[in-house]
Amino acid sequence: MAAIKHRRTALERVEKFISDTYFTDCNLRGRLFGDRCPLASLSYFQTPRRIPYEEAVVQEFGPAQVGQSFGPTWETCWFKVELSIPSAWAGREVHFVWESDGEGMVWRDAQPVQGLTKEGEKTSYILTRSLKESEPHSLTLYVELACNGLFGAGKGSMIAPPDPDRRVTLSKAELVVFNRDVYELLVDLEILLDMAQLLGEENQRSFQALYTANQMVNVCDVMDPSTFPATRDLAAAIFSQRNGESQHTVHAMGHCHIDSAWLWPYEETIRKCARSWVTVVQLMEHNPELTFACSQAQQFEWVRRSYPGLYARIQDFVAKGQFIPVGGTWVEMDGNLPSGESMVRQFLQGQRFFQEQFGRICSEFWLPDTFGYSAQLPQLMHGCGIQRFLTQKLSWNLVNSFPHHTFFWEGIDGSQVLTHFPPGDSYGMHGRVEEVLKTVKNNKDKGRVNHSAFLFGFGDGGGGPTQKMLDRMKRMSDTDGLPRVQISTPDQLFSVLEKESSQLCTWVGELFLELHNGTYTTQAQIKKGNRECEQILHDVEVLSTLAVAQDKEFQYPASQLQQLWRLLLLNQFHDVLPGSCIQLVVEDALQYYTGEQGAWLAGPSPPCRFPQVCVPCVRGCLRRNLRSPHIKSAMEALPQVWVCDTCFWPFPKEDGSITMENGVISVCMDTMGHLISLRLMDFERESIANGCANQFALFDDVPLYWDAWDVMDYHLETRKPVTTMLKPLEVTLAGGLRGSVRFSLKVGKSSTLTQEIILDAMCPYLRFQTQVEWKEAHKFLKVEFPVNVRSTSATYEIQFGHLQRPTHWNTSWDWARFEVWAHKWLDLSEHGFGVALLNNCKYGASVHRNILSLSLLRAPKSPDSTADIGLHQFTYAVMPHQGSFQEAGVIQQAYSLNFPLHVVPASCAPCPAWSAFSVSSPAIVLETVKQAEDRPEAVVVRLYEAHGSTVTAWLQTSLPVKKAMLCDLLERPVGWGLSLEKQGLRLSFTPFRVLSVLLVLSC
């Protein structure tokens, strides 16, 4: 064949034969659909609500036609489709074709049967694979059409704010005959052509594939189907040539990552799940080999409640091992910002749901798309029955390429999990030759392991896998020149990786994503709501647990707490808590925080009824709030500290500066609220460097693309100190137990900042109570504290512990962390002295050289053009200390700032001091007290080692305990029971170990 002499010509010839732009009558693709037939009738009605099928079908439908547009954005149109299949189509495969730029769902016989998404290549529903005379030729379908696309309704950019006036157009609605034999030929030729193009001229298989494709063109006559079998035989000869034993095995698993909210609201996600999952189970009916890995218990619960018929089908395929629940968490949450206890509850609620609904828990943590991974996650996985982890997002690193795809990840306590990143760097593959070749070529652990994951399917409502994807991979299952491709499961993949794991490397510490670090700050109100609700739920559980122990008539509000926890966990999804979502989602999230949760907790709810607990009123004394999360419980009679009534008076000086002292620290502030001096009163060392801390700075904040997600390193070059004073520093409270001063600044073009600086009696930190009316665009507000401390690393609190990060930029790995995250505190210390920065609702932070910086507010415009605009209130504090932060009690003081002392009504009669719990070691934090999930007579107490030390501690309690044992994070007993001794329960901790104790109470 002459064309083979010229490789480029041969390639172009095959491409022309498959799909020619000009000669559409004689290319193969033009024969994919045969005869066509219009619909018998098409009618519709439109609603702003997302209504169920039963309500929709009884509405009044008006005429509709192809070419008509519908909208605006977020409306729903229901179409009634009357079909009449021609009798002449007997024996043919008949499809109902529907093309629009909205997301659709086909309903048949009152059940959802097929999702329709143009972006997901699902634009038809198979009515019959071979029309029989006995089948009904006339039938009625309904199509539920959402007036939004797969990725919302952004104008000009996927992440642009939704266009409220966008409309969707119905471009095609008809019956067609589908030529399956043409389709099979197209797939054959596509695979051969990709092999020819991608294997390279140095590979003889490339030429063999190209030669065979040209032979097929010679043999095939698109006008004569009788030539198709011989044409296909040529392709089959190539696909039947097998691989050797050493070939890499690609474990292909169907997948459809669905963001629980992002560029669409929560309610639309429910429909996205239904559209995708019904498409998957429909595909499974005809492809029993197909497996589909599906995470997020919340999404299963949505479908269970809203689509019971579909859910029953899913349960059947779960039992068959095809539809595979994975992940073990309530949602695919953010991996950085939720508290340690919230992460525990993600697994607890998720694993319990999977156990209740499907009879088993998940053995893999599944978190493909999140913005970094806390170094405490390996221990939490272990505690929840998981020792395997799959993710992918670190392939997005902006600076450094992560060095592994299969490795052991070790957390701060030493726990290890087998971790796998699909080397194709995607969780939405399409089953193409290019993707499987990349999976092998890109694998950074060649030689150590010979197996990789390959997640294929359209996500975010796109319907997941397609028949074409499966058919492509069937041809590549064991074909010489390509890696082996097998339909697999997460368990099969990890089982073989475990067998090959002896040569794997280990990564210690956090998995830090060098991108999307603006998510530590964006949408500050969501982050504040998250922190506050974590605290509220903690306190309600403590009070309710102790109420039950004191009053047997009191009912622990288990169902209400589960509902509230699930709402909080939902808001911790990795596009909600990070703030990378549209305004509709923000409104939903804030409503969950301030509406449903707030109403229940603020009202006369049972947890408020706890007369046994009181804090005696002692004139002239201040009781420091030590609370349960650290040394002693919230219920303990707190130590009394007598103070002088005059030692807090702020003292103004002639230059307008003001000093304050409280017996612990002394401070001096200038007229703009800058901290020019901060000293421990019994230690003559000045904490502030250069005489200017509490300095606000404004930065230009224009990322390259991902507006709400990213802050780029070049923003640091645009720093502008805030220098415009509106109201100078003035005394607002003098004497007694508190001294305070106030000032106001203009920030940027039109924002205002008012701050009250507060010093409480005997308090080791200075508190900055801040209010900002924020009106900026693409600006970043931070506050800076330069301190007289030199150290090459700073310490940041993370879940159930802390870690160090460098304060220098020696390497690219160092300076890629120019913006990092922390929870309640960060600290910079040298031997014998340090300074900590505490906060009550912030997460973004950095320490470079000797400057501690807390990120306060951003102002992105996509995907929410109103992000962060409005009034903000937050508090941070600075704490100088002698010794290490552990010795100085920084951890305890950060808890005190975040958990203000509760004032509980009590009778006037004297109330004896009473302690519910106490722990003998200051290194141990008593984090959680709750009723056990399955044993109302039992209490779960969760503690962790916070200093990074090995320690033995005694846990004492006043509760009537008859039996105690350790349990895992799913509250399953582990090991032997604990001895009840006079000193209490003896507990042994290694650094950052989390222990859960199950206390069975006597009646």
# chains A, B, ... in the order shown; residues from 1 in each chain; ligands from 1
>>> select_by_dssp(residues="segment 207-366 of chain A", states="strand (DSSP E or B)", output="JSON, numbers by chain")
{"A": [249, 250, 251, 252, 253, 254, 255, 292, 293, 294, 323, 324, 325, 333, 364, 365, 366]}
>>> write_last_selection(atoms="N, CA and C atoms", output="PDB file, in the first residue's frame")
ATOM      1  N   THR A 249       0.261  -3.327  35.111  1.00  0.00           N
ATOM      2  CA  THR A 249      -1.184  -3.561  35.124  1.00  0.00           C
ATOM      3  C   THR A 249      -1.902  -2.302  35.594  1.00  0.00           C
ATOM      4  N   VAL A 250      -2.815  -1.843  34.774  1.00  0.00           N
ATOM      5  CA  VAL A 250      -3.639  -0.685  35.091  1.00  0.00           C
ATOM      6  C   VAL A 250      -4.976  -1.189  35.637  1.00  0.00           C
ATOM      7  N   HIS A 251      -5.286  -0.797  36.874  1.00  0.00           N
ATOM      8  CA  HIS A 251      -6.530  -1.213  37.527  1.00  0.00           C
ATOM      9  C   HIS A 251      -7.592  -0.152  37.266  1.00  0.00           C
ATOM     10  N   ALA A 252      -8.480  -0.451  36.322  1.00  0.00           N
ATOM     11  CA  ALA A 252      -9.492   0.526  35.915  1.00  0.00           C
ATOM     12  C   ALA A 252     -10.738   0.383  36.771  1.00  0.00           C
ATOM     13  N   MET A 253     -11.198   1.504  37.296  1.00  0.00           N
ATOM     14  CA  MET A 253     -12.398   1.533  38.134  1.00  0.00           C
ATOM     15  C   MET A 253     -13.278   2.689  37.702  1.00  0.00           C
ATOM     16  N   GLY A 254     -14.543   2.407  37.491  1.00  0.00           N
ATOM     17  CA  GLY A 254     -15.474   3.471  37.189  1.00  0.00           C
ATOM     18  C   GLY A 254     -15.547   4.467  38.328  1.00  0.00           C
ATOM     19  N   HIS A 255     -15.737   5.731  37.972  1.00  0.00           N
ATOM     20  CA  HIS A 255     -15.710   6.779  38.989  1.00  0.00           C
ATOM     21  C   HIS A 255     -16.509   7.971  38.493  1.00  0.00           C
ATOM     22  N   PHE A 292     -17.638   0.310  40.015  1.00  0.00           N
ATOM     23  CA  PHE A 292     -17.811   1.751  40.184  1.00  0.00           C
ATOM     24  C   PHE A 292     -17.544   2.092  41.637  1.00  0.00           C
ATOM     25  N   ALA A 293     -16.498   2.884  41.879  1.00  0.00           N
ATOM     26  CA  ALA A 293     -16.140   3.299  43.236  1.00  0.00           C
ATOM     27  C   ALA A 293     -16.830   4.616  43.546  1.00  0.00           C
ATOM     28  N   CYS A 294     -17.560   4.645  44.654  1.00  0.00           N
ATOM     29  CA  CYS A 294     -18.407   5.797  44.964  1.00  0.00           C
ATOM     30  C   CYS A 294     -18.255   6.169  46.435  1.00  0.00           C
ATOM     31  N   PHE A 323     -21.059  -1.914  42.498  1.00  0.00           N
ATOM     32  CA  PHE A 323     -21.193  -0.545  42.990  1.00  0.00           C
ATOM     33  C   PHE A 323     -20.528  -0.531  44.368  1.00  0.00           C
ATOM     34  N   ILE A 324     -19.370   0.109  44.468  1.00  0.00           N
ATOM     35  CA  ILE A 324     -18.505  -0.078  45.632  1.00  0.00           C
ATOM     36  C   ILE A 324     -18.412   1.197  46.463  1.00  0.00           C
ATOM     37  N   PRO A 325     -19.038   1.230  47.651  1.00  0.00           N
ATOM     38  CA  PRO A 325     -18.868   2.388  48.543  1.00  0.00           C
ATOM     39  C   PRO A 325     -17.420   2.451  49.034  1.00  0.00           C
ATOM     40  N   MET A 333     -14.203  15.692  52.700  1.00  0.00           N
ATOM     41  CA  MET A 333     -14.036  16.964  53.403  1.00  0.00           C
ATOM     42  C   MET A 333     -12.702  17.624  53.054  1.00  0.00           C
ATOM     43  N   GLU A 364     -10.731   1.825  52.569  1.00  0.00           N
ATOM     44  CA  GLU A 364      -9.886   2.825  51.925  1.00  0.00           C
ATOM     45  C   GLU A 364     -10.449   4.213  52.220  1.00  0.00           C
ATOM     46  N   PHE A 365      -9.559   5.145  52.554  1.00  0.00           N
ATOM     47  CA  PHE A 365      -9.954   6.551  52.621  1.00  0.00           C
ATOM     48  C   PHE A 365      -9.788   7.117  51.221  1.00  0.00           C
ATOM     49  N   TRP A 366     -10.833   7.750  50.719  1.00  0.00           N
ATOM     50  CA  TRP A 366     -10.923   8.158  49.312  1.00  0.00           C
ATOM     51  C   TRP A 366     -11.115   9.666  49.287  1.00  0.00           C
TER      52      TRP A 366
END
>>> select_by_dssp(residues="segment 351-392 of chain A", states="helix (DSSP H, G or I)", output="JSON, numbers by chain")
{"A": [351, 352, 353, 354, 355, 356, 357, 358, 377, 378, 379, 380, 381, 382, 383]}
>>> write_last_selection(atoms="C-alpha atoms", output="PDB file, in the first residue's frame")
ATOM      1  CA  GLN A 351     -18.454   4.325  58.452  1.00  0.00           C
ATOM      2  CA  ARG A 352     -21.583   3.809  60.555  1.00  0.00           C
ATOM      3  CA  PHE A 353     -23.737   4.711  57.562  1.00  0.00           C
ATOM      4  CA  PHE A 354     -21.945   2.243  55.286  1.00  0.00           C
ATOM      5  CA  GLN A 355     -22.185  -0.465  57.941  1.00  0.00           C
ATOM      6  CA  GLU A 356     -25.898   0.122  58.470  1.00  0.00           C
ATOM      7  CA  GLN A 357     -26.791   0.392  54.785  1.00  0.00           C
ATOM      8  CA  PHE A 358     -24.404  -2.081  53.143  1.00  0.00           C
ATOM      9  CA  LEU A 377      -4.875  11.894  59.086  1.00  0.00           C
ATOM     10  CA  PRO A 378      -2.934   8.585  59.099  1.00  0.00           C
ATOM     11  CA  GLN A 379      -3.659   8.054  62.805  1.00  0.00           C
ATOM     12  CA  LEU A 380      -7.328   8.949  62.363  1.00  0.00           C
ATOM     13  CA  MET A 381      -7.597   6.515  59.449  1.00  0.00           C
ATOM     14  CA  HIS A 382      -6.099   3.743  61.558  1.00  0.00           C
ATOM     15  CA  GLY A 383      -8.533   4.474  64.351  1.00  0.00           C
TER      16      GLY A 383
END
>>> residues_around(residues="Pro164 of chain A", least_positions_apart="2", cutoff="9 Å", atoms="only C-alpha atoms", output="MDAnalysis selection string")
chainID A and resid 72:74 153 161:162 166:167
>>> closest_atom_pairs(of="segment 341-442 of chain A", to="segment 942-954 of chain A", cutoff="10 Å", atoms="only C-alpha atoms", output="CSV")
residue,atom,partner,partner_atom,distance
A:Glu341,CA,A:Arg942,CA,8.9
A:Ile412,CA,A:Gly948,CA,8.9
A:Asp413,CA,A:Gly948,CA,8.6
>>> closest_residue(among="A:Arg232, A:Arg304, A:His430, A:Arg108", to="Ile270 of chain A", atoms="only C-alpha atoms")
A:Arg304
>>> closest_atom_pairs(of="segment 791-887 of chain A", to="segment 661-674 of chain A", cutoff="12 Å", atoms="only C-alpha atoms", output="Markdown table")
| residue | atom | partner | partner_atom | distance |
| --- | --- | --- | --- | --- |
| A:Val878 | CA | A:Ile665 | CA | 10.8 |
| A:Met879 | CA | A:Ile665 | CA | 9.0 |
| A:Pro880 | CA | A:Ile665 | CA | 8.2 |
| A:His881 | CA | A:Ile665 | CA | 9.6 |
| A:Gln882 | CA | A:Val664 | CA | 11.6 |
>>> residues_around(residues="segment 517-523 of chain A", least_positions_apart="4", cutoff="8 Å", atoms="only C-alpha atoms", output="list in words")
Leu337, Phe371, Leu513, Lys527, Pro578, Gly579, Ser580, Ala708, Trp709, Asp710, Val711, Glu819, Val820, Trp821, Lys842, Tyr843, Gly844, Ser855, Leu856, Leu857, Arg858, Ala859, Pro860, Ala867 and Asp868 of chain A
>>> write_last_selection(atoms="C-alpha atoms", output="CSV table (one decimal), in the first residue's frame")
chain,number,residue,atom,x,y,z
A,337,LEU,CA,-9.4,23.0,58.3
A,371,PHE,CA,-6.4,21.1,49.1
A,513,LEU,CA,-0.5,21.2,48.4
A,527,LYS,CA,-14.8,29.5,58.6
A,578,PRO,CA,-12.4,26.4,51.9
A,579,GLY,CA,-14.7,29.1,50.4
A,580,SER,CA,-14.3,28.0,46.8
A,708,ALA,CA,-11.1,32.1,45.4
A,709,TRP,CA,-8.6,29.3,45.7
A,710,ASP,CA,-5.2,30.9,45.2
A,711,VAL,CA,-2.9,33.5,46.6
A,819,GLU,CA,1.2,30.8,53.1
A,820,VAL,CA,0.3,27.9,55.4
A,821,TRP,CA,-2.5,26.9,57.7
A,842,LYS,CA,-8.7,32.2,61.4
A,843,TYR,CA,-6.7,29.6,59.6
A,844,GLY,CA,-4.3,31.2,57.2
A,855,SER,CA,-4.3,36.2,57.4
A,856,LEU,CA,-7.5,38.0,58.1
A,857,LEU,CA,-9.6,38.7,54.9
A,858,ARG,CA,-9.5,38.2,51.2
A,859,ALA,CA,-11.7,39.7,48.4
A,860,PRO,CA,-11.9,37.3,45.4
A,867,ALA,CA,-17.1,36.9,48.7
A,868,ASP,CA,-16.3,38.4,52.1
>>> atom_distance(atom1="atom CA of Gln114 of chain A", atom2="atom CA of Glu289 of chain A")
19.7 Å
>>> closest_atom_pairs(of="segment 63-125 of chain A", to="segment 178-186 of chain A", cutoff="8 Å", atoms="only C-alpha atoms", output="tab-separated table")
residue	atom	partner	partner_atom	distance
A:Arg92	CA	A:Phe178	CA	7.5
A:Glu93	CA	A:Phe178	CA	5.4
A:Val94	CA	A:Phe178	CA	5.9
A:His95	CA	A:Phe178	CA	6.5
>>> write_last_selection(atoms="N, CA and C atoms", output="PDB file, in the first residue's frame")
ATOM      1  N   ARG A  92     -34.038  -3.425  14.995  1.00  0.00           N
ATOM      2  CA  ARG A  92     -32.995  -2.391  15.054  1.00  0.00           C
ATOM      3  C   ARG A  92     -32.834  -1.881  16.488  1.00  0.00           C
ATOM      4  N   GLU A  93     -31.659  -1.289  16.757  1.00  0.00           N
ATOM      5  CA  GLU A  93     -31.407  -0.635  18.045  1.00  0.00           C
ATOM      6  C   GLU A  93     -31.884   0.808  17.941  1.00  0.00           C
ATOM      7  N   VAL A  94     -32.792   1.196  18.840  1.00  0.00           N
ATOM      8  CA  VAL A  94     -33.443   2.499  18.748  1.00  0.00           C
ATOM      9  C   VAL A  94     -33.065   3.355  19.960  1.00  0.00           C
ATOM     10  N   HIS A  95     -32.618   4.564  19.673  1.00  0.00           N
ATOM     11  CA  HIS A  95     -32.253   5.505  20.724  1.00  0.00           C
ATOM     12  C   HIS A  95     -33.178   6.713  20.693  1.00  0.00           C
TER      13      HIS A  95
END
>>> closest_residue(among="A:Thr545, A:Ser157, A:Leu198, A:Leu537", to="Val436 of chain A", atoms="only C-alpha atoms")
A:Leu198
>>> atom_distance(atom1="atom CA of Leu969 of chain A", atom2="atom CA of Thr329 of chain A")
12.6 Å
